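Here is protein.txt, consisting of compact mmCIF, C-alpha atoms:
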# COMPACT_ATOMS: atom_id res chain seq x y z
CA MET A 1 -85.01 -16.15 15.75
CA GLY A 2 -83.79 -17.29 12.39
CA GLY A 3 -83.26 -16.09 8.83
CA GLY A 4 -83.65 -17.90 5.55
CA LEU A 5 -81.57 -20.77 4.36
CA HIS A 6 -81.65 -21.48 0.64
CA VAL A 7 -79.96 -24.59 -0.68
CA ARG A 8 -80.18 -24.65 -4.44
CA ALA A 9 -78.53 -27.11 -6.80
CA GLY A 10 -77.13 -25.18 -9.77
CA ARG A 11 -77.53 -26.56 -13.23
CA LEU A 12 -73.85 -26.86 -14.01
CA MET A 13 -72.14 -29.07 -16.56
CA SER A 14 -70.25 -31.96 -14.98
CA LEU A 15 -66.48 -32.16 -15.40
CA PHE A 16 -66.86 -35.42 -17.34
CA TRP A 17 -69.08 -33.88 -20.00
CA ARG A 18 -66.98 -30.73 -20.24
CA ASN A 19 -63.76 -32.68 -20.84
CA PHE A 20 -65.55 -35.12 -23.13
CA LEU A 21 -66.97 -32.32 -25.31
CA LEU A 22 -63.63 -30.51 -25.46
CA LEU A 23 -61.75 -33.67 -26.42
CA SER A 24 -64.46 -34.66 -28.90
CA GLY A 25 -64.36 -31.23 -30.53
CA LEU A 26 -60.58 -31.36 -30.84
CA LEU A 27 -60.65 -34.87 -32.31
CA LEU A 28 -63.48 -33.94 -34.68
CA LEU A 29 -61.57 -30.95 -36.03
CA SER A 30 -58.42 -33.06 -36.39
CA VAL A 31 -60.21 -35.84 -38.26
CA LEU A 32 -62.02 -33.41 -40.56
CA ALA A 33 -58.78 -31.56 -41.32
CA TRP A 34 -57.03 -34.84 -42.02
CA PHE A 35 -59.91 -36.02 -44.21
CA GLN A 36 -60.02 -32.77 -46.22
CA THR A 37 -56.26 -32.83 -46.76
CA PHE A 38 -56.25 -36.46 -47.80
CA ARG A 39 -59.24 -36.00 -50.10
CA THR A 40 -57.60 -33.03 -51.79
CA LEU A 41 -54.34 -34.92 -52.33
CA GLU A 42 -56.14 -38.12 -53.36
CA GLN A 43 -58.84 -36.84 -55.72
CA GLU A 44 -56.49 -35.19 -58.20
CA PRO A 45 -54.65 -38.44 -59.04
CA ARG A 46 -57.98 -40.29 -59.14
CA ALA A 47 -59.42 -37.71 -61.53
CA LEU A 48 -56.38 -38.07 -63.82
CA GLN A 49 -56.70 -41.85 -63.77
CA SER A 50 -60.39 -41.70 -64.62
CA ALA A 51 -59.75 -39.12 -67.36
CA GLN A 52 -57.02 -41.29 -68.84
CA ALA A 53 -59.30 -44.34 -68.91
CA LEU A 54 -62.16 -42.36 -70.47
CA ALA A 55 -59.80 -40.76 -73.02
CA SER A 56 -58.52 -44.18 -74.00
CA LEU A 57 -62.14 -45.38 -74.35
CA VAL A 58 -63.01 -42.40 -76.58
CA ASN A 59 -59.88 -42.82 -78.70
CA LEU A 60 -60.49 -46.56 -79.13
CA THR A 61 -64.15 -45.92 -79.99
CA ARG A 62 -63.16 -43.21 -82.48
CA ALA A 63 -60.55 -45.45 -84.11
CA ALA A 64 -62.97 -48.39 -84.26
CA LEU A 65 -65.65 -46.24 -85.90
CA ILE A 66 -63.16 -44.84 -88.44
CA TYR A 67 -61.67 -48.15 -89.52
CA THR A 68 -64.79 -50.30 -89.37
CA ASP A 69 -66.99 -50.61 -92.41
CA PRO A 70 -70.60 -49.42 -92.05
CA ILE A 71 -72.01 -52.99 -91.82
CA ALA A 72 -69.66 -53.95 -88.97
CA ARG A 73 -70.30 -50.70 -87.07
CA VAL A 74 -73.68 -51.99 -85.90
CA ALA A 75 -72.04 -54.98 -84.28
CA LEU A 76 -69.32 -52.72 -82.82
CA VAL A 77 -71.86 -50.38 -81.21
CA LYS A 78 -73.74 -53.39 -79.77
CA THR A 79 -70.51 -54.79 -78.34
CA LEU A 80 -69.69 -51.45 -76.72
CA VAL A 81 -73.11 -51.39 -75.09
CA ASP A 82 -72.90 -54.98 -73.84
CA GLU A 83 -69.26 -55.05 -72.74
CA GLU A 84 -68.41 -51.49 -71.70
CA ASN A 85 -71.89 -50.02 -71.05
CA VAL A 86 -71.05 -47.31 -73.61
CA ARG A 87 -73.55 -45.86 -76.07
CA ILE A 88 -72.83 -43.84 -79.21
CA ALA A 89 -75.23 -41.21 -80.52
CA VAL A 90 -75.01 -38.59 -83.25
CA ARG A 91 -74.60 -35.04 -81.85
CA ASP A 92 -76.98 -32.47 -83.28
CA GLU A 93 -76.37 -28.75 -83.23
CA HIS A 94 -79.70 -28.29 -81.39
CA ASP A 95 -78.72 -30.59 -78.52
CA THR A 96 -78.72 -28.97 -75.09
CA TYR A 97 -76.28 -30.03 -72.41
CA THR A 98 -75.26 -29.09 -68.85
CA PRO A 99 -71.59 -29.24 -67.83
CA PHE A 100 -70.40 -30.39 -64.41
CA GLU A 101 -70.35 -27.80 -61.64
CA ALA A 102 -67.04 -26.25 -60.69
CA ASP A 103 -65.18 -27.97 -57.79
CA SER A 104 -67.12 -31.21 -58.40
CA PRO A 105 -65.32 -34.51 -59.12
CA GLY A 106 -66.87 -34.56 -62.62
CA HIS A 107 -65.43 -31.11 -63.35
CA ARG A 108 -61.91 -32.32 -62.52
CA VAL A 109 -62.37 -35.26 -64.91
CA ALA A 110 -63.79 -32.93 -67.59
CA VAL A 111 -60.76 -30.62 -67.44
CA ALA A 112 -58.37 -33.58 -67.69
CA LEU A 113 -60.35 -35.07 -70.61
CA ILE A 114 -60.38 -31.81 -72.59
CA ASP A 115 -56.65 -31.62 -71.95
CA ARG A 116 -56.13 -35.06 -73.50
CA LEU A 117 -58.73 -35.05 -76.27
CA GLY A 118 -58.43 -31.46 -77.44
CA PRO A 119 -60.36 -28.22 -77.08
CA GLY A 120 -63.33 -29.43 -79.18
CA THR A 121 -64.25 -32.01 -76.54
CA ILE A 122 -67.42 -31.54 -74.51
CA VAL A 123 -68.01 -33.23 -71.15
CA ALA A 124 -71.52 -32.92 -69.65
CA ARG A 125 -73.60 -34.41 -66.88
CA GLU A 126 -76.90 -34.05 -68.77
CA VAL A 127 -77.85 -33.92 -72.47
CA ASN A 128 -81.37 -33.17 -73.69
CA GLY A 129 -82.73 -33.93 -70.23
CA PHE A 130 -80.93 -37.28 -69.82
CA ASP A 131 -78.42 -37.60 -66.97
CA GLY A 132 -75.14 -39.42 -67.38
CA LEU A 133 -71.49 -39.03 -68.21
CA TRP A 134 -71.63 -37.55 -71.72
CA ILE A 135 -68.49 -36.97 -73.83
CA GLY A 136 -68.80 -35.09 -77.12
CA PHE A 137 -66.17 -35.70 -79.84
CA ALA A 138 -65.82 -35.47 -83.62
CA ILE A 139 -64.80 -38.03 -86.30
CA GLU A 140 -63.84 -36.57 -89.70
CA GLY A 141 -66.24 -33.65 -89.29
CA GLU A 142 -69.10 -35.74 -87.86
CA LYS A 143 -70.03 -35.10 -84.23
CA TYR A 144 -70.98 -37.80 -81.73
CA TRP A 145 -71.99 -38.25 -78.11
CA LEU A 146 -70.44 -41.05 -76.08
CA LEU A 147 -72.54 -41.94 -73.01
CA ALA A 148 -70.25 -43.67 -70.50
CA ASP A 149 -71.18 -45.40 -67.25
CA PRO A 150 -71.54 -42.63 -64.56
CA SER A 151 -70.20 -45.05 -61.96
CA ARG A 152 -66.75 -44.32 -63.37
CA LEU A 153 -66.89 -41.12 -61.32
CA ASP A 154 -67.47 -42.99 -58.06
CA ALA A 155 -63.78 -43.64 -57.71
CA VAL A 156 -63.21 -39.90 -57.91
CA ARG A 157 -65.90 -39.12 -55.35
CA GLY A 158 -64.26 -41.45 -52.86
CA ARG A 159 -67.46 -42.49 -51.09
CA THR A 160 -65.63 -45.23 -49.24
CA TRP A 161 -63.69 -42.54 -47.41
CA LEU A 162 -66.92 -41.27 -45.90
CA ALA A 163 -67.36 -44.65 -44.24
CA TRP A 164 -63.79 -44.48 -42.99
CA LEU A 165 -64.42 -40.95 -41.73
CA ALA A 166 -67.51 -42.08 -39.80
CA THR A 167 -65.56 -45.01 -38.33
CA ALA A 168 -62.69 -42.75 -37.30
CA LEU A 169 -65.08 -40.30 -35.65
CA ALA A 170 -66.89 -43.07 -33.78
CA LEU A 171 -63.60 -44.51 -32.50
CA SER A 172 -62.48 -41.01 -31.53
CA MET A 173 -65.65 -40.47 -29.48
CA VAL A 174 -65.16 -43.80 -27.69
CA GLY A 175 -61.53 -42.92 -26.99
CA ALA A 176 -62.49 -39.45 -25.74
CA ALA A 177 -65.05 -40.98 -23.36
CA ALA A 178 -62.52 -43.51 -22.03
CA ILE A 179 -59.80 -40.86 -21.53
CA THR A 180 -62.23 -38.46 -19.87
CA ARG A 181 -63.44 -41.18 -17.51
CA LEU A 182 -59.84 -42.04 -16.63
CA ILE A 183 -59.11 -38.37 -15.91
CA ASN A 184 -62.25 -37.90 -13.81
CA GLN A 185 -61.97 -41.01 -11.63
CA PRO A 186 -59.40 -39.54 -9.18
CA LEU A 187 -61.52 -36.38 -8.84
CA GLN A 188 -64.64 -38.44 -8.19
CA ARG A 189 -62.84 -40.43 -5.49
CA LEU A 190 -61.56 -37.18 -3.96
CA ALA A 191 -65.10 -35.72 -3.93
CA GLN A 192 -66.47 -38.89 -2.29
CA ALA A 193 -63.70 -38.82 0.33
CA ALA A 194 -64.38 -35.13 1.05
CA ALA A 195 -68.08 -35.98 1.55
CA ARG A 196 -67.09 -38.67 4.07
CA VAL A 197 -64.90 -36.18 5.94
CA ARG A 198 -67.83 -33.74 5.96
CA ASP A 199 -70.00 -36.46 7.54
CA GLY A 200 -67.35 -37.29 10.13
CA ASP A 201 -66.22 -40.61 8.62
CA PHE A 202 -62.47 -39.94 8.72
CA ASP A 203 -61.40 -43.59 8.54
CA GLY A 204 -63.44 -44.29 5.39
CA ALA A 205 -62.06 -41.18 3.66
CA ARG A 206 -58.55 -42.49 3.13
CA LEU A 207 -57.31 -42.37 -0.49
CA ASP A 208 -54.72 -44.52 -2.25
CA ASP A 209 -51.44 -42.58 -2.16
CA THR A 210 -49.39 -45.28 -3.93
CA LEU A 211 -50.75 -44.60 -7.41
CA PRO A 212 -48.19 -44.44 -10.25
CA THR A 213 -49.39 -40.98 -11.31
CA ARG A 214 -47.18 -38.61 -9.34
CA GLU A 215 -49.55 -35.61 -9.19
CA ILE A 216 -52.59 -37.65 -8.13
CA ALA A 217 -50.58 -39.56 -5.54
CA GLY A 218 -49.34 -36.22 -4.13
CA VAL A 219 -52.88 -34.85 -3.86
CA ASN A 220 -54.06 -38.07 -2.16
CA ARG A 221 -51.20 -37.96 0.35
CA ALA A 222 -51.99 -34.33 1.21
CA PHE A 223 -55.68 -35.18 1.60
CA ASN A 224 -54.91 -38.15 3.85
CA ARG A 225 -52.72 -35.98 6.10
CA MET A 226 -55.47 -33.36 6.28
CA ALA A 227 -58.06 -36.03 7.18
CA GLU A 228 -55.77 -37.40 9.92
CA GLN A 229 -55.30 -33.93 11.40
CA LEU A 230 -59.05 -33.26 11.27
CA ALA A 231 -59.71 -36.61 12.97
CA ARG A 232 -57.32 -35.69 15.81
CA ALA A 233 -58.88 -32.24 16.11
CA GLU A 234 -62.37 -33.77 16.20
CA ALA A 235 -61.32 -36.23 18.90
CA ASP A 236 -59.82 -33.38 20.97
CA ARG A 237 -62.98 -31.29 20.47
CA ARG A 238 -65.26 -34.10 21.62
CA LEU A 239 -63.08 -34.67 24.68
CA MET A 240 -63.19 -30.95 25.47
CA LEU A 241 -66.98 -30.80 25.06
CA ALA A 242 -67.43 -33.79 27.32
CA GLY A 243 -65.21 -32.13 29.94
CA ILE A 244 -67.10 -28.82 29.68
CA SER A 245 -70.43 -30.58 30.05
CA HIS A 246 -69.29 -32.48 33.14
CA ASP A 247 -67.27 -29.74 34.82
CA LEU A 248 -69.95 -27.03 34.44
CA ARG A 249 -73.14 -28.97 34.98
CA THR A 250 -71.96 -30.78 38.08
CA PRO A 251 -71.44 -27.58 40.14
CA LEU A 252 -74.68 -26.17 38.70
CA ALA A 253 -76.55 -29.19 40.03
CA ARG A 254 -74.95 -28.72 43.46
CA LEU A 255 -75.75 -25.00 43.37
CA ARG A 256 -79.41 -25.70 42.59
CA LEU A 257 -79.60 -28.21 45.45
CA GLU A 258 -78.08 -25.70 47.86
CA ILE A 259 -80.55 -23.03 46.71
CA GLU A 260 -83.49 -25.34 47.27
CA MET A 261 -82.27 -26.24 50.77
CA GLY A 262 -80.65 -23.03 51.95
CA VAL A 263 -82.72 -20.09 50.71
CA PRO A 264 -85.80 -19.59 52.90
CA ASP A 265 -87.63 -17.05 50.74
CA ALA A 266 -89.73 -18.91 48.14
CA SER A 267 -89.74 -16.17 45.50
CA THR A 268 -85.99 -15.64 45.77
CA ARG A 269 -85.44 -19.38 45.64
CA ALA A 270 -87.59 -19.65 42.49
CA ARG A 271 -85.71 -16.81 40.74
CA MET A 272 -82.33 -18.31 41.59
CA ALA A 273 -83.46 -21.75 40.41
CA ASP A 274 -84.68 -20.22 37.12
CA ASP A 275 -81.31 -18.54 36.63
CA VAL A 276 -79.52 -21.84 37.15
CA ALA A 277 -81.90 -23.51 34.70
CA ASP A 278 -81.21 -20.76 32.14
CA VAL A 279 -77.46 -21.26 32.52
CA ASP A 280 -77.91 -25.01 32.07
CA THR A 281 -80.02 -24.44 28.94
CA ILE A 282 -77.42 -22.07 27.45
CA ILE A 283 -74.66 -24.60 28.10
CA GLY A 284 -76.81 -27.25 26.38
CA GLN A 285 -77.29 -25.02 23.34
CA PHE A 286 -73.56 -24.33 23.11
CA LEU A 287 -72.87 -28.06 23.18
CA ASP A 288 -75.60 -28.84 20.65
CA TYR A 289 -74.24 -26.26 18.22
CA ALA A 290 -70.64 -27.43 18.64
CA ARG A 291 -71.39 -31.12 18.11
CA GLU A 292 -70.76 -32.36 14.55
CA ARG A 293 -72.85 -35.53 14.47
CA PRO A 294 -73.47 -37.06 11.01
CA ALA A 295 -77.16 -37.10 10.06
CA HIS A 296 -78.76 -40.54 9.72
CA LEU A 297 -81.73 -40.01 7.42
CA ASP A 298 -84.73 -42.30 7.72
CA ALA A 299 -88.42 -42.11 6.88
CA THR A 300 -89.69 -40.10 9.87
CA PRO A 301 -93.42 -39.61 10.53
CA ILE A 302 -93.97 -35.88 10.92
CA ALA A 303 -97.16 -36.13 13.00
CA ALA A 304 -95.49 -38.40 15.58
CA ALA A 305 -92.44 -36.11 15.78
CA LEU A 306 -94.71 -33.12 16.42
CA GLU A 307 -96.63 -35.03 19.08
CA ARG A 308 -93.43 -35.73 21.01
CA ALA A 309 -92.03 -32.20 20.60
CA THR A 310 -95.23 -30.42 21.66
CA ALA A 311 -95.97 -32.67 24.66
CA PRO A 312 -94.13 -30.47 27.26
CA TYR A 313 -95.89 -27.33 26.05
CA ARG A 314 -99.39 -28.81 26.18
CA GLN A 315 -99.11 -28.84 29.99
CA ARG A 316 -98.48 -25.08 30.23
CA ASP A 317 -101.39 -22.78 30.91
CA ASP A 318 -99.84 -19.83 29.05
CA VAL A 319 -99.26 -21.77 25.78
CA GLU A 320 -101.95 -22.47 23.20
CA LEU A 321 -101.05 -24.90 20.39
CA ARG A 322 -102.99 -25.37 17.16
CA VAL A 323 -101.61 -28.26 15.14
CA ARG A 324 -102.69 -29.34 11.66
CA ALA A 325 -100.56 -32.30 10.63
CA PRO A 326 -102.16 -35.02 8.47
CA GLU A 327 -101.24 -38.59 9.29
CA GLY A 328 -99.17 -40.52 6.79
CA LEU A 329 -96.66 -37.82 5.85
CA HIS A 330 -93.10 -39.12 6.19
CA ALA A 331 -89.96 -37.06 5.58
CA MET A 332 -86.34 -38.10 5.13
CA ALA A 333 -84.89 -36.78 8.38
CA ASP A 334 -82.74 -37.62 11.36
CA ALA A 335 -85.31 -38.22 14.10
CA THR A 336 -83.05 -36.93 16.89
CA ALA A 337 -82.02 -33.82 14.96
CA LEU A 338 -85.63 -33.12 13.93
CA GLN A 339 -86.72 -33.35 17.57
CA ARG A 340 -84.07 -30.81 18.55
CA VAL A 341 -85.13 -28.52 15.68
CA LEU A 342 -88.78 -28.56 16.74
CA THR A 343 -87.92 -28.06 20.42
CA ASN A 344 -85.77 -25.02 19.54
CA LEU A 345 -88.56 -23.54 17.42
CA PHE A 346 -91.16 -23.95 20.16
CA GLU A 347 -88.77 -22.61 22.79
CA ASN A 348 -88.02 -19.64 20.54
CA ALA A 349 -91.75 -18.97 20.13
CA THR A 350 -92.46 -19.17 23.86
CA ARG A 351 -89.59 -16.80 24.67
CA HIS A 352 -90.09 -14.16 21.97
CA GLY A 353 -93.58 -14.71 20.52
CA ARG A 354 -95.95 -13.73 23.29
CA SER A 355 -99.07 -11.84 22.33
CA ALA A 356 -100.10 -8.57 23.97
CA ASP A 357 -102.18 -10.47 26.56
CA GLY A 358 -99.14 -12.45 27.72
CA ARG A 359 -100.20 -15.76 26.16
CA VAL A 360 -98.22 -17.74 23.58
CA ARG A 361 -100.20 -18.89 20.54
CA ILE A 362 -98.39 -21.20 18.18
CA ASP A 363 -99.85 -22.40 14.87
CA ILE A 364 -98.25 -25.52 13.36
CA GLN A 365 -99.18 -26.61 9.85
CA VAL A 366 -97.77 -29.47 7.77
CA ALA A 367 -98.47 -30.02 4.05
CA ARG A 368 -96.98 -31.69 0.98
CA ARG A 369 -96.11 -29.09 -1.66
CA GLY A 370 -94.41 -30.33 -4.82
CA GLU A 371 -91.13 -32.01 -4.01
CA TRP A 372 -91.09 -30.83 -0.40
CA ILE A 373 -92.87 -31.49 2.88
CA GLU A 374 -93.35 -28.07 4.47
CA LEU A 375 -93.71 -27.62 8.22
CA GLU A 376 -94.63 -24.07 9.31
CA VAL A 377 -94.35 -22.85 12.90
CA ARG A 378 -95.89 -19.43 13.48
CA ASP A 379 -96.29 -17.37 16.62
CA HIS A 380 -98.46 -14.28 17.16
CA GLY A 381 -95.88 -12.10 18.85
CA PRO A 382 -94.34 -8.80 17.73
CA GLY A 383 -92.18 -10.39 15.02
CA THR A 384 -88.82 -8.79 14.21
CA ALA A 385 -87.41 -5.93 12.18
CA PRO A 386 -87.21 -6.74 8.42
CA ASP A 387 -83.51 -5.88 8.25
CA ALA A 388 -82.82 -8.38 11.06
CA LEU A 389 -84.45 -11.37 9.28
CA PRO A 390 -81.39 -12.42 7.22
CA ARG A 391 -79.18 -12.54 10.34
CA LEU A 392 -81.48 -14.44 12.68
CA THR A 393 -79.79 -17.79 11.97
CA ASP A 394 -76.29 -16.39 12.52
CA PRO A 395 -74.65 -17.87 15.65
CA PHE A 396 -74.95 -15.62 18.73
CA TYR A 397 -76.99 -12.99 16.88
CA ARG A 398 -79.91 -11.65 18.94
CA ALA A 399 -82.41 -9.11 17.67
CA GLU A 400 -83.07 -6.01 19.78
CA SER A 401 -86.37 -7.42 21.00
CA ALA A 402 -84.63 -10.56 22.26
CA ARG A 403 -81.83 -8.91 24.21
CA THR A 404 -83.87 -8.60 27.40
CA THR A 405 -84.79 -12.32 27.52
CA PRO A 406 -82.45 -15.15 28.53
CA GLY A 407 -80.83 -17.13 25.76
CA SER A 408 -77.62 -17.72 23.85
CA GLY A 409 -78.63 -16.65 20.34
CA LEU A 410 -77.97 -20.17 19.07
CA GLY A 411 -81.48 -21.63 18.88
CA LEU A 412 -82.20 -20.88 15.22
CA ALA A 413 -78.55 -21.32 14.24
CA ILE A 414 -78.93 -24.91 15.44
CA VAL A 415 -82.13 -25.19 13.37
CA ARG A 416 -80.35 -23.99 10.25
CA ARG A 417 -77.35 -26.28 10.70
CA ALA A 418 -79.56 -29.32 11.36
CA LEU A 419 -81.63 -28.60 8.23
CA GLU A 420 -78.45 -28.27 6.16
CA ARG A 421 -77.28 -31.70 7.28
CA MET A 422 -80.65 -33.24 6.40
CA GLY A 423 -80.69 -31.65 2.91
CA GLY A 424 -83.58 -29.35 3.76
CA GLU A 425 -84.31 -25.65 3.69
CA CYS A 426 -85.39 -23.07 6.25
CA HIS A 427 -87.30 -19.88 5.41
CA ILE A 428 -88.14 -17.20 7.99
CA ARG A 429 -90.44 -14.23 7.48
CA ASN A 430 -92.74 -11.89 9.36
CA ALA A 431 -96.22 -13.36 9.08
CA PRO A 432 -99.12 -11.28 7.78
CA GLY A 433 -101.04 -9.97 10.77
CA GLY A 434 -98.05 -10.15 13.11
CA GLY A 435 -95.73 -12.77 14.47
CA LEU A 436 -92.82 -14.72 13.07
CA SER A 437 -93.24 -17.63 10.66
CA VAL A 438 -90.56 -20.31 10.26
CA THR A 439 -91.04 -22.78 7.40
CA LEU A 440 -89.02 -25.99 7.34
CA ARG A 441 -88.69 -27.92 4.10
CA LEU A 442 -87.76 -31.60 4.07
CA ARG A 443 -87.59 -34.19 1.32
CA PRO A 444 -90.49 -36.66 1.37
CA ALA A 445 -89.66 -40.28 2.10
Can you turn what I pasted into C-alpha cells?
Amino acid sequence: MGGGLHVRAGRLMSLFWRNFLLLSGLLLLSVLAWFQTFRTLEQEPRALQSAQALASLVNLTRAALIYTDPIARVALVKTLVDEENVRIAVRDEHDTYTPFEADSPGHRVAVALIDRLGPGTIVAREVNGFDGLWIGFAIEGEKYWLLADPSRLDAVRGRTWLAWLATALALSMVGAAAITRLINQPLQRLAQAAARVRDGDFDGARLDDTLPTREIAGVNRAFNRMAEQLARAEADRRLMLAGISHDLRTPLARLRLEIEMGVPDASTRARMADDVADVDTIIGQFLDYARERPAHLDATPIAAALERATAPYRQRDDVELRVRAPEGLHAMADATALQRVLTNLFENATRHGRSADGRVRIDIQVARRGEWIELEVRDHGPGTAPDALPRLTDPFYRAESARTTPGSGLGLAIVRRALERMGGECHIRNAPGGGLSVTLRLRPA
C-alpha cells in the first residue's frame, strides 16, 4: 500500500534572469555614477561660460544705453529685441521677483553673474509673475531689468546628456542580456544532457569537451565520463536482470510442472502451485521495480486502459468492481506503464482490501479536475494505520496488516516510480467509512 507523492514546481527565478538583473544593476549604478561625476565636472565650466556671455551682454547693453542719445535708444532697444531676444524694462522698487533655487543650473549662473557684475546685481527666474531669465542692474542710479532668452540656460542643464544616458543604459541592458545568455548556454546544455541521462539516453547526452573555455570543457569531460560509466553500469544491470529472470523462472516452471504431475493430493498440489505462483509474482515485481525504462508519453484513453486492467478481475466471484469512467478523457501517459500501475493497484486491493464478509469491493472513479485527470481506486477493507501512510510507497515496506499476506512490498513503490516518470502525482489516504483510497493524477492530453 502506498503513501503520497507530491511533485510541485517551485516558483524560482531562473539563472538567466538572476544574472541579468545583477549585471543590469551593476551597469546601471556604474552609468549613473559616471553620469553624475561628468555632469558635476561639466556644469561648472558651462555655468561660467553662460555667465560670461550674459555679463558681456549686460555690459554692452549698459554701455550702449549710457552713450546713446535718447532718440537713438528706441532703435537700440528694438535691435536688442530683434537680434538678441533681449528686452529692457525699468525696475521699480515695488517689483517682486523670485531667485533661482539652490543647486539649480540657474543658481550657478546667478552666482557667477553677481561675481562679474557686482553685488548690486539681481538674477531671478520670475519677476512680477512673468517667467524668464531676469537680470537686474543699474545705470547712473537708474535701475533696469534685462530679460534674456531662457534658452541660454539649456547649455547648463545639459539635456543632451540625458539622451546619451538613456542610450548608454539601453546598450548596457542589451550587453548584459547577451553576456548572461553566453554564460547560461553551457549550463542549459548540461541540464539537457542530465535530463537525457535520466531518461536513459546515454548516447545523446554527450557534451562538447573541446570548447576553448577551460572550466566548461573540464566539466563537460567529467560529465561525459560519468555518462559512459552509467551506460556501462546500465548495460551490466540489464544483462543481470535478464539472467535472473531466465535462471529463476525456468526452474520455477519445471517445479510447477512436477507438482502438477507428481503430487496426488489435490489440495496440497493447489497450495504448492499457489506458492510457486507467488514466488513468480514477487520475482516479476522485483524486475519491474529495477527496470529503468524511459517513459514514452502519448494521449492514452483512460476508459480503455481501465477496461483492459480490470478484465482479469471481472471473472472472479469474490471481486466486485464499480467503475465510473467517462468516455473521451485522454491523459498524457505511457500506456504500458499505466497498465502496470493499474494492475498493481487492483492486486493491492484484492490482497489487502477485503471486507469483513471476505469479498473485495473496488470503486474506480475518473474525473477531470482543473489541470489534472484524477483516477481514484478505493477498496472497502480495513485501511492502514495513519502513521504508516507516508511510508507505503517506500520499497519493501509492508504495513503490519500486510505482513501475513504474500507479496514483496514493491507494488505501490512501482506505482509511485511510474507516476514520477510520467509527470504525475500519487496521493494515498484512508477513505471515510473505511478502506484505502489511492488517487492518481495525470496531465490531460
Near-Gly129 of chain A list (12 Å; only C-alpha atoms; drop same-chain fewer than 3 positions) as a list in words: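 That gives Asp95, Thr96, Tyr97, Thr98, Ala124, Arg125, Glu126, Gly132 and Trp134 of chain A.
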Using only C-alpha atoms: which of A:Ile302, A:Val109, A:Leu27, A:Ile259 has the shortest distance to Leu440 of chain A: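 Closest candidate: A:Ile302.
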Of the listed residues A:Val341, A:Ile122, A:Ala138, A:Val366, that which approaches Leu412 of chain A most closely, counting only C-alpha atoms: A:Val341
Point-to-point distance in Å for atom CA of Thr350 of chain A and atom CA of Val438 of chain A: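 Computing it gives 13.8 Å between the two atoms.
If you look at atom CA of Asp69 of chain A and atom CA of Pro119 of chain A, they are 27.9 Å away from each other.
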One-decimal distance in Å that lies between atom CA of Arg221 of chain A and atom CA of Asp208 of chain A: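 It comes out at 7.9 Å.
Near (-85.0, -8.1, 9.5), the residues that fall inside 10 Å on the basis of only C-alpha atoms are Gly2, Gly3, Gly383, Thr384, Ala385, Pro386, Asp387, Ala388, Leu389, Pro390, Arg391, Leu392, Ala399, Ile428, Arg429 and Asn430 of chain A.
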Contacts of segment 307-309 of chain A within 7 Å, only C-alpha atoms, excl. fewer than 4 positions in-chain, as a VMD selection string: chain A and resid 303 339 342 to 343
Expected file contents, prior selection, C-alpha atoms, as a CSV table (one decimal), in the frame of the given file:
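This went into part16.csv:
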chain,number,residue,atom,x,y,z
A,303,ALA,CA,-97.2,-36.1,13.0
A,339,GLN,CA,-86.7,-33.4,17.6
A,342,LEU,CA,-88.8,-28.6,16.7
A,343,THR,CA,-87.9,-28.1,20.4
